[in-house]
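Enquirer: Below is a structure I'd like to ask you about.
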Amino acid sequence: MTSHGHVDLLICFKHRFNRASLINIGYLQSRLECDYLAMHDVDLLPQNPELNYSYPESGPCHIAAPELHPLYHYKTFVGGILLISNKHFHQLNGMSNRFWGWGREDDEFYLRIKDENLKVRRPEGVSTNYRNTFYHIHDKFQHPRDYSRIGQQRQKSRRDHFTGADTVQYGLLSRKEIIIDGASVTILNVKLECDIESTPWCMTLDQLERYLKELAKTDPDRVDFLKEKLFGPDGLMITSTKPPRKTRKYVTR
């Protein structure tokens, strides 16, 4: 019988959510004890026991395939649930740390997989489809700040050749080992660090405004420099959000 370890990460919410950085941290903290990762959205619950979570020896295995995921069906989609060996995750240098807020880090990760000529496998011959393979609970109102696009976030969120597992900045606040239904679970409480000059969208607009206001008291020239560099010549903090069409949870059975 295969033994599986579980590593759960709790983030200290000083900044916005960064799924990719948390996955990088999970890899760094578990690589000596585990030999592969299950990059698993917490709101995507498998309903089909035919899905195979075994070791992905030949390459990344995309459990939440486009034909099975309840929402995303484009052929380059690798989000939701992806299994990948430590060897291949290291080969890709993990995921980009530039994606603060919800979404798009998986699309960048696909480009890394493609660049390294790794083949993504997907489930074959399963008896379910996108309507009934997963139970999907997705509430966009729970953390609305993570859906914002701040400043030049849209333009800069492309293929990232500079950040990854070897550059993620964080502090490990605590580590706790617990047992749940006989399974060993490691709980990590982490604090993500952000380079505001590189990714100002790690902060909310309110946080950015307070930061610049305090900085102006001691270094007004630097404030002008940051506004020029991060938000364009007029220093505008442009935001774009996509609120859900209906005020309800997205649930697919």
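The way I read the labels, and the way they are meant: chains A, B, ... in the order of the structure tokens, residue 1 as the first residue of every chain, and ligand 1 as the first ligand shown, with later ones counted on from there.
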Need to verify the contact set: A:Leu92, 8 Å, only C-alpha atoms, exclusion of same-chain residues closer than 6 positions in sequence. Can you return it as a PyMOL selection string?
Expert: chain A and resi 112-113+116
Enquirer: DSSP on the backbone, then: every residue of stretch 78-199 of chain A marked helix (DSSP H, G or I), written as a ChimeraX atom specification.
Expert: /A:86-91,105-115,144-147,153-156
Enquirer: At most 9 Å is the cut-off: for each residue in stretch 111-208 of chain A with any atom that close to an atom of stretch 21-39 of chain A, write down the nearest atom pair and the distance in Å rounded to one decimal, counting only C-alpha atoms, chain first then increasing number, as CSV.
Expert:
```
residue,atom,partner,partner_atom,distance
A:Gly164,CA,A:Asn24,CA,7.3
A:Ala165,CA,A:Asn24,CA,5.0
A:Asp166,CA,A:Asn24,CA,8.4
A:Val168,CA,A:Ser21,CA,6.3
A:Gln169,CA,A:Ser21,CA,8.4
A:Tyr170,CA,A:Ile25,CA,8.1
A:Leu188,CA,A:Gly26,CA,8.6
A:Val190,CA,A:Leu22,CA,8.6
A:Leu192,CA,A:Ser21,CA,8.0
```
Enquirer: Would you mind exporting the chosen residues as a PDB file, in the first residue's frame, restricted to N, CA and C atoms?
Expert:
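Final output, again_1.pdb:
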```
ATOM      1  N   GLY A 164      10.439  31.493  -9.259  1.00  0.00           N
ATOM      2  CA  GLY A 164      10.016  30.102  -9.149  1.00  0.00           C
ATOM      3  C   GLY A 164      10.244  29.590  -7.745  1.00  0.00           C
ATOM      4  N   ALA A 165      10.382  28.280  -7.625  1.00  0.00           N
ATOM      5  CA  ALA A 165      10.564  27.676  -6.307  1.00  0.00           C
ATOM      6  C   ALA A 165      11.842  28.153  -5.630  1.00  0.00           C
ATOM      7  N   ASP A 166      12.850  28.507  -6.426  1.00  0.00           N
ATOM      8  CA  ASP A 166      14.126  28.918  -5.838  1.00  0.00           C
ATOM      9  C   ASP A 166      14.156  30.392  -5.450  1.00  0.00           C
ATOM     10  N   VAL A 168      11.039  32.012  -4.079  1.00  0.00           N
ATOM     11  CA  VAL A 168       9.902  32.363  -3.231  1.00  0.00           C
ATOM     12  C   VAL A 168      10.399  32.846  -1.869  1.00  0.00           C
ATOM     13  N   GLN A 169       9.848  33.958  -1.415  1.00  0.00           N
ATOM     14  CA  GLN A 169      10.249  34.563  -0.151  1.00  0.00           C
ATOM     15  C   GLN A 169       9.120  34.383   0.867  1.00  0.00           C
ATOM     16  N   TYR A 170       9.449  33.767   1.986  1.00  0.00           N
ATOM     17  CA  TYR A 170       8.418  33.512   2.991  1.00  0.00           C
ATOM     18  C   TYR A 170       9.056  33.267   4.349  1.00  0.00           C
ATOM     19  N   LEU A 188       1.423  23.855   8.094  1.00  0.00           N
ATOM     20  CA  LEU A 188       2.425  24.917   8.054  1.00  0.00           C
ATOM     21  C   LEU A 188       1.729  26.268   8.062  1.00  0.00           C
ATOM     22  N   VAL A 190       2.477  30.027   7.285  1.00  0.00           N
ATOM     23  CA  VAL A 190       3.524  30.772   6.596  1.00  0.00           C
ATOM     24  C   VAL A 190       3.102  32.216   6.356  1.00  0.00           C
ATOM     25  N   LEU A 192       3.905  35.110   3.530  1.00  0.00           N
ATOM     26  CA  LEU A 192       4.522  35.414   2.243  1.00  0.00           C
ATOM     27  C   LEU A 192       5.095  36.827   2.240  1.00  0.00           C
TER      28      LEU A 192
END
```
Enquirer: For A:Val78, find every residue with an atom within 8 Å (counting only C-alpha atoms), except residues of its own chain fewer than 3 positions away, and show them as an mmCIF file with C-alpha atoms, in the first residue's frame.
Expert:
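Ended up saving to part.cif:
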```cif
data_model
loop_
_atom_site.group_PDB
_atom_site.id
_atom_site.type_symbol
_atom_site.label_atom_id
_atom_site.label_comp_id
_atom_site.auth_asym_id
_atom_site.auth_seq_id
_atom_site.Cartn_x
_atom_site.Cartn_y
_atom_site.Cartn_z
ATOM 1 C CA HIS A 62 -3.904 16.434 -15.035
ATOM 2 C CA ALA A 64 -9.124 17.827 -13.653
ATOM 3 C CA ALA A 65 -8.905 17.486 -17.433
ATOM 4 C CA ILE A 81 -5.877 19.140 -9.877
ATOM 5 C CA LEU A 82 -2.428 18.326 -11.250
ATOM 6 C CA ASP A 106 -1.762 27.629 -14.063
ATOM 7 C CA ASP A 107 -1.636 29.044 -17.592
ATOM 8 C CA PHE A 109 2.781 26.831 -15.515
ATOM 9 C CA TYR A 110 1.584 25.188 -18.730
#
```
Enquirer: Smallest atom-to-atom distance to A:Lys119: which of A:His88, A:His161, A:Lys14, A:Lys191, using only C-alpha atoms?
Expert: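 Of A:His88, A:His161, A:Lys14, A:Lys191, the one nearest A:Lys119 is A:His88, counting only C-alpha atoms.
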Enquirer: Give the answer as one residue: which of A:Phe77, A:Tyr130, A:Tyr211, A:Tyr53 has the shortest atom-to-atom distance to A:Ile196, using only C-alpha atoms?
Expert: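 Closest to A:Ile196, using only C-alpha atoms: A:Tyr211.
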Enquirer: Quick one: pull the distance between atom CA of A:Arg16 and atom CA of A:Arg104, Å, one decimal.
Expert: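 These atoms are spaced 14.5 Å apart.
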Enquirer: So what do you get for atom CA of A:Leu226 versus atom CA of A:Glu197, distance-wise?
Expert: 6.9 Å
Enquirer: Name the closest residue to A:Arg98 among the candidates A:Cys194, A:Val185, A:Leu71, A:Leu172; distances are taken between atoms, counting only C-alpha atoms.
Expert: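 Checking each candidate against A:Arg98, we get A:Cys194 as the closest.
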Enquirer: Would you work out the distance separating atom CA of A:Arg210 from atom CA of A:Thr167, expressed in Å to one decimal?
Expert: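 A separation of 26.8 Å between them.
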